Structure formats: structure tokens, C-alpha cells
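Listing of entry.txt; format and content: compact mmCIF, C-alpha atoms.
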```txt
# COMPACT_ATOMS: atom_id res chain seq x y z
CA MET A 1 17.43 -92.93 111.33
CA SER A 2 17.50 -90.25 113.97
CA ASP A 3 20.24 -87.81 114.88
CA GLY A 4 21.11 -85.66 117.87
CA PRO A 5 20.16 -86.70 121.42
CA THR A 6 19.16 -90.23 120.41
CA ASN A 7 22.54 -90.99 118.87
CA THR A 8 24.25 -89.40 121.86
CA THR A 9 22.32 -91.64 124.24
CA HIS A 10 23.21 -94.72 122.25
CA THR A 11 26.85 -93.66 122.04
CA VAL A 12 26.97 -93.32 125.82
CA LEU A 13 25.31 -96.72 126.20
CA ARG A 14 27.82 -98.30 123.83
CA GLU A 15 30.67 -96.82 125.87
CA HIS A 16 29.21 -98.17 129.11
CA LEU A 17 28.78 -101.60 127.55
CA SER A 18 32.35 -101.60 126.22
CA ARG A 19 33.73 -100.71 129.66
CA PHE A 20 31.48 -103.29 131.31
CA ARG A 21 32.75 -106.04 129.00
CA ARG A 22 36.31 -105.04 129.95
CA GLY A 23 35.47 -105.58 133.62
CA ASP A 24 34.92 -101.97 134.73
CA ALA A 25 32.70 -102.30 137.82
CA ALA A 26 31.66 -98.65 137.67
CA ALA A 27 30.17 -99.25 134.22
CA LEU A 28 27.69 -101.71 135.72
CA ASN A 29 26.34 -99.00 138.02
CA GLU A 30 26.03 -96.64 135.07
CA LEU A 31 24.17 -99.25 133.03
CA ILE A 32 21.76 -99.86 135.90
CA ALA A 33 21.22 -96.13 136.34
CA LEU A 34 20.51 -95.75 132.63
CA ALA A 35 18.05 -98.65 132.68
CA GLY A 36 16.47 -97.26 135.85
CA GLU A 37 15.49 -94.01 134.15
CA ARG A 38 13.48 -95.86 131.53
CA LEU A 39 12.06 -98.48 133.87
CA ARG A 40 10.87 -95.86 136.35
CA ALA A 41 8.73 -94.25 133.65
CA LEU A 42 7.34 -97.65 132.66
CA ALA A 43 6.58 -98.66 136.25
CA ARG A 44 4.83 -95.36 136.92
CA ARG A 45 2.70 -95.75 133.79
CA MET A 46 1.82 -99.38 134.50
CA LEU A 47 0.86 -98.72 138.11
CA ARG A 48 -1.21 -95.72 137.05
CA ASP A 49 -3.24 -97.99 134.77
CA TYR A 50 -3.70 -100.65 137.45
CA PRO A 51 -4.75 -99.08 140.78
CA ARG A 52 -5.26 -102.48 142.40
CA VAL A 53 -1.55 -103.17 142.09
CA ARG A 54 -0.55 -99.57 142.75
CA ARG A 55 -2.24 -99.71 146.14
CA TRP A 56 0.22 -102.34 147.34
CA SER A 57 3.35 -101.71 145.26
CA GLN A 58 4.82 -98.28 144.69
CA THR A 59 6.85 -97.30 141.65
CA ASP A 60 10.15 -97.61 143.52
CA ASP A 61 9.26 -101.13 144.70
CA VAL A 62 8.66 -102.34 141.15
CA LEU A 63 11.72 -100.50 139.88
CA GLN A 64 13.99 -101.97 142.54
CA SER A 65 12.81 -105.52 141.88
CA ALA A 66 13.23 -105.15 138.12
CA LEU A 67 16.72 -103.69 138.52
CA ILE A 68 17.73 -106.53 140.86
CA ARG A 69 16.67 -108.95 138.15
CA LEU A 70 18.70 -107.00 135.60
CA CYS A 71 21.78 -106.97 137.85
CA ARG A 72 21.57 -110.74 138.23
CA ALA A 73 21.16 -111.18 134.49
CA LEU A 74 24.21 -108.99 133.85
CA GLU A 75 26.23 -111.29 136.10
CA GLN A 76 25.64 -113.99 133.49
CA VAL A 77 25.48 -111.99 130.25
CA ARG A 78 27.58 -109.10 128.94
CA PRO A 79 25.57 -107.42 126.17
CA ALA A 80 27.65 -106.31 123.21
CA THR A 81 25.32 -103.67 121.76
CA PRO A 82 22.53 -101.34 122.88
CA ARG A 83 20.15 -103.70 121.08
CA ASP A 84 21.34 -106.60 123.22
CA PHE A 85 21.14 -104.53 126.38
CA TYR A 86 17.60 -103.33 125.71
CA ALA A 87 16.53 -106.90 124.93
CA LEU A 88 17.94 -108.12 128.24
CA ALA A 89 16.41 -105.25 130.22
CA THR A 90 13.03 -105.71 128.53
CA THR A 91 12.95 -109.42 129.35
CA GLN A 92 13.72 -108.79 133.01
CA VAL A 93 11.11 -106.05 133.47
CA ARG A 94 8.47 -108.11 131.66
CA ARG A 95 9.14 -111.03 133.99
CA GLU A 96 8.86 -108.74 137.01
CA LEU A 97 5.54 -107.35 135.81
CA ILE A 98 4.18 -110.86 135.17
CA ASP A 99 5.20 -111.98 138.65
CA LEU A 100 3.71 -108.87 140.20
CA ALA A 101 0.43 -109.40 138.38
CA ARG A 102 0.28 -113.03 139.52
CA HIS A 103 1.01 -111.94 143.08
CA TYR A 104 -2.00 -109.61 143.15
CA ALA A 105 -4.39 -111.60 140.94
CA GLY A 106 -6.97 -114.25 141.75
CA PRO A 107 -9.12 -114.99 144.79
CA GLU A 108 -6.13 -115.82 147.00
CA ASN A 109 -4.04 -112.84 145.99
CA ALA A 110 -1.92 -110.89 148.45
CA ALA A 111 -4.40 -108.02 148.58
CA ALA A 112 -7.62 -110.05 148.64
CA HIS A 113 -8.34 -109.51 152.31
CA HIS A 114 -7.68 -105.78 152.10
CA GLU A 115 -9.48 -104.91 148.88
CA SER A 116 -12.17 -102.25 148.98
CA THR A 117 -13.90 -101.04 145.81
CA ASP A 118 -17.16 -99.43 144.81
CA GLY A 119 -18.47 -102.68 143.38
CA ARG A 120 -16.61 -102.52 140.08
CA PRO A 121 -13.53 -104.60 139.23
CA ALA A 122 -10.64 -102.71 140.80
CA ASP A 123 -8.81 -102.19 137.51
CA ALA A 124 -11.77 -101.44 135.29
CA ALA A 125 -12.15 -97.72 135.87
CA ALA A 126 -8.52 -96.85 135.18
CA ARG A 127 -7.92 -98.63 131.88
CA ASP A 128 -7.66 -96.65 128.71
CA PRO A 129 -9.19 -98.80 125.94
CA HIS A 130 -6.73 -97.29 123.46
CA GLU A 131 -3.65 -98.50 125.39
CA PRO A 132 -2.10 -101.84 124.34
CA ALA A 133 -2.31 -103.03 127.96
CA ALA A 134 -6.10 -102.92 127.70
CA LEU A 135 -5.98 -105.92 125.34
CA ALA A 136 -5.89 -108.26 128.31
CA ASP A 137 -5.40 -108.38 132.04
CA TRP A 138 -1.97 -107.24 133.09
CA GLY A 139 -0.20 -110.57 133.57
CA GLU A 140 -1.85 -112.16 130.56
CA PHE A 141 -0.89 -109.17 128.44
CA HIS A 142 2.83 -109.49 129.27
CA GLU A 143 2.71 -113.24 128.66
CA GLN A 144 1.14 -112.59 125.26
CA VAL A 145 3.91 -110.14 124.42
CA ALA A 146 6.42 -112.89 125.16
CA ALA A 147 4.60 -115.15 122.68
CA LEU A 148 4.97 -112.76 119.74
CA PRO A 149 7.39 -113.58 116.90
CA ASP A 150 10.92 -112.24 117.42
CA GLU A 151 10.88 -109.12 115.27
CA PRO A 152 7.49 -107.70 116.36
CA ARG A 153 8.27 -108.58 119.98
CA GLU A 154 11.61 -106.77 119.82
CA VAL A 155 10.07 -103.59 118.41
CA PHE A 156 7.22 -103.75 120.90
CA GLY A 157 9.74 -104.13 123.71
CA LEU A 158 11.73 -101.10 122.63
CA VAL A 159 8.69 -98.87 122.20
CA PHE A 160 6.35 -100.08 124.96
CA TYR A 161 8.72 -101.27 127.69
CA GLN A 162 11.76 -99.10 127.04
CA GLY A 163 9.85 -95.98 126.02
CA LEU A 164 11.78 -95.39 122.80
CA THR A 165 10.16 -93.58 119.92
CA GLN A 166 9.83 -95.51 116.69
CA ASP A 167 12.65 -93.40 115.25
CA GLU A 168 14.85 -94.35 118.21
CA ALA A 169 13.91 -98.01 117.83
CA ALA A 170 14.91 -97.86 114.18
CA ASP A 171 18.28 -96.42 115.21
CA VAL A 172 18.87 -99.17 117.76
CA LEU A 173 17.92 -101.90 115.30
CA GLY A 174 19.72 -100.39 112.32
CA VAL A 175 16.61 -100.51 110.13
CA GLY A 176 14.34 -97.95 108.50
CA LEU A 177 11.41 -96.29 110.22
CA ARG A 178 8.93 -98.01 107.92
CA THR A 179 10.29 -101.39 108.99
CA VAL A 180 9.77 -100.48 112.64
CA GLN A 181 6.25 -99.23 111.90
CA ARG A 182 5.43 -102.46 110.08
CA ARG A 183 6.74 -104.58 112.96
CA TRP A 184 4.87 -102.46 115.51
CA GLN A 185 1.62 -102.99 113.63
CA ALA A 186 2.38 -106.72 113.41
CA ALA A 187 2.87 -106.77 117.19
CA LEU A 188 -0.46 -105.05 117.82
CA LEU A 189 -2.23 -107.39 115.41
CA GLY A 190 -0.57 -110.40 117.05
CA LEU A 191 -1.66 -109.27 120.52
CA HIS A 192 -5.20 -108.76 119.25
CA ARG A 193 -5.25 -112.28 117.83
CA LEU A 194 -3.86 -113.80 121.00
CA ARG A 195 -6.46 -111.94 123.04
CA ASN A 196 -9.18 -113.48 120.88
CA GLY A 197 -7.66 -116.95 121.00
CA GLU A 198 -6.68 -116.87 117.33
CA PRO A 199 -3.46 -118.30 115.87
CA LEU A 200 -0.71 -115.80 115.08
CA SER A 201 -0.40 -116.99 111.49
```
Since I need it in another form, could you write the structure as C-alpha cells?
Amino acid sequence: MSDGPTNTTHTVLREHLSRFRRGDAAALNELIALAGERLRALARRMLRDYPRVRRWSQTDDVLQSALIRLCRALEQVRPATPRDFYALATTQVRRELIDLARHYAGPENAAAHHESTDGRPADAAARDPHEPAALADWGEFHEQVAALPDEPREVFGLVFYQGLTQDEAADVLGVGLRTVQRRWQAALLGLHRLRNGEPLS
């Protein structure tokens, strides 16, 4: 488990969630602001890796759409713990990224008539083969994440989508670091198998 800033962040999040469940409208804004900090970093990283999408959607566009989804979800669900909140936020941002990928993919995509490249696939030059997102095309990758078993998917969501360290993820989940590491490896193995059309078990 980790101490210091991580626990402080989670304490603040717990306080926001408690106030939100009691009907404090200001707490909703604080939850969205907290989620926005993490989602902005994710959106920037994802658009950096996919210049074809970045050309038509800026970081703030993706962030705003993801936060709108989260606001709507919070109208229906009141998360009780940071773990619940991160799970909800991760689901909404993953759905936004899948929809964005579909919007800009395929021969009839929104950018098809404006695309200009040097003859290579637009995304090919920017991908880092060591990044998990290089396992598959963007939309397919996020769909494969959704198909992972619960525990590996949850850890992958905390680390990849929410930007938590593995120590921070362990703190959120209330488990040991080795458990998080094992689930992270299981997630990577599962994504590799899905990419190759293999069964997960």
C-alpha cells in the first residue's frame, strides 16, 4: 500500500463522493474536475499516438465528450467508493474512445475526404510497439479491454485509463502490489490473446 499524496487524493475523493451521495451539487463539480485532470492526460496521450484522429479532434474535444458521458452516468449512479468512481469513469472514457475511433475509421469515415498522408497508413508512424495500444487498432483495442475478465480489466482500467501507478491501484483496490502486478500481466496476456484470435482461457 502507498502513503502520502496517494492516500490524500483518495481521502479527498471519498469526501467528494460522500457529499455527492448526500445531494451536495457542488461535490458533482468537484468530482468532474478531479476526473477531468486524469482524463485530459489520457486524451492527450491517446491523440498523440493516433495523429489521424488528432487532426480532427483536439484533446479538449475528447475530454469534454467523455466528461459529458460521466455527468450523465452520475445522474443515474452514485458511486460509494473511489473504486466505484474510477470504474464508472473508466467505462465512460472507454466508450467515448471507441465511438471516436469508429467515427474516424473505415472508408466512409468523417475524415476520409480530407486525409493526406505520405503513402503510409496515417497511424502507422506514430505507434510505439511497446505501448499496449499497439496491440490493435484503436477502437478494437478498447473493445478488447472491455472483453477482459473483471479483475484484470479493473487493474488495466486504473493503470492505463486513469493513469494510476500500480501502487496507487493497489491502494484503491485494497490489495497488495503483487496482486495488482499479477492482474496487470494477466490483462496484457489477455489482450495479446484477443489480438491473435485466441481464447482467453
Hey, which of A:Arg153, A:Arg83, A:His192, A:Arg178 ends up closest to Leu17 of chain A? Count only C-alpha atoms.
A:Arg83
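Taking atom CA of Gln162 of chain A and atom CA of Pro199 of chain A as the two end points, the separation is 26.9 Å.
The two atoms in question, atom CA of Val155 of chain A and atom CA of His103 of chain A, are spaced 27.6 Å apart.
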Please write out, as JSON, where the centre of an axis-aligned box around all listed atoms of segment 11-28 of chain A lies and how long its edges are, in Å to one decimal, after adding 5 Å on each side.
```
{"center_x": 30.8, "center_y": -99.7, "center_z": 129.9, "size_x": 21.0, "size_y": 22.7, "size_z": 25.8}
```
Which residue, A:Thr9, A:Ser18, A:Gln144, A:Asn196, has the smallest gap to Leu34 of chain A when you use all atoms listed in the file?
A:Thr9
Could I get segment 160-174 of chain A from the block written out with N, CA and C atoms, as a CSV table (one decimal), in the first residue's frame?
```csv
chain,number,residue,atom,x,y,z
A,160,PHE,N,-4.0,2.1,-17.0
A,160,PHE,CA,-4.0,2.6,-18.4
A,160,PHE,C,-4.9,3.8,-18.6
A,161,TYR,N,-6.1,3.7,-18.2
A,161,TYR,CA,-7.1,4.8,-18.4
A,161,TYR,C,-7.0,5.9,-17.4
A,162,GLN,N,-6.9,5.5,-16.1
A,162,GLN,CA,-6.9,6.5,-15.1
A,162,GLN,C,-5.5,7.1,-14.7
A,163,GLY,N,-4.4,6.4,-15.2
A,163,GLY,CA,-3.1,6.9,-15.0
A,163,GLY,C,-2.5,6.7,-13.6
A,164,LEU,N,-3.1,5.7,-12.9
A,164,LEU,CA,-2.6,5.4,-11.5
A,164,LEU,C,-1.4,4.6,-11.7
A,165,THR,N,-0.5,4.7,-10.7
A,165,THR,CA,0.6,3.7,-10.6
A,165,THR,C,0.1,2.4,-10.1
A,166,GLN,N,0.9,1.4,-10.2
A,166,GLN,CA,0.4,0.1,-9.6
A,166,GLN,C,0.3,0.2,-8.1
A,167,ASP,N,1.1,0.9,-7.5
A,167,ASP,CA,0.9,1.1,-6.0
A,167,ASP,C,-0.4,1.8,-5.7
A,168,GLU,N,-0.7,2.8,-6.5
A,168,GLU,CA,-2.0,3.6,-6.3
A,168,GLU,C,-3.2,2.6,-6.6
A,169,ALA,N,-3.1,1.8,-7.6
A,169,ALA,CA,-4.1,0.9,-7.9
A,169,ALA,C,-4.3,-0.1,-6.8
A,170,ALA,N,-3.2,-0.6,-6.2
A,170,ALA,CA,-3.3,-1.5,-5.0
A,170,ALA,C,-4.1,-0.8,-3.9
A,171,ASP,N,-3.8,0.5,-3.7
A,171,ASP,CA,-4.4,1.2,-2.6
A,171,ASP,C,-5.9,1.4,-2.8
A,172,VAL,N,-6.3,1.7,-4.1
A,172,VAL,CA,-7.7,1.8,-4.4
A,172,VAL,C,-8.5,0.5,-4.2
A,173,LEU,N,-7.8,-0.6,-4.6
A,173,LEU,CA,-8.5,-1.9,-4.6
A,173,LEU,C,-8.4,-2.6,-3.2
A,174,GLY,N,-7.5,-2.1,-2.4
A,174,GLY,CA,-7.3,-2.7,-1.1
A,174,GLY,C,-6.6,-4.1,-1.1
```
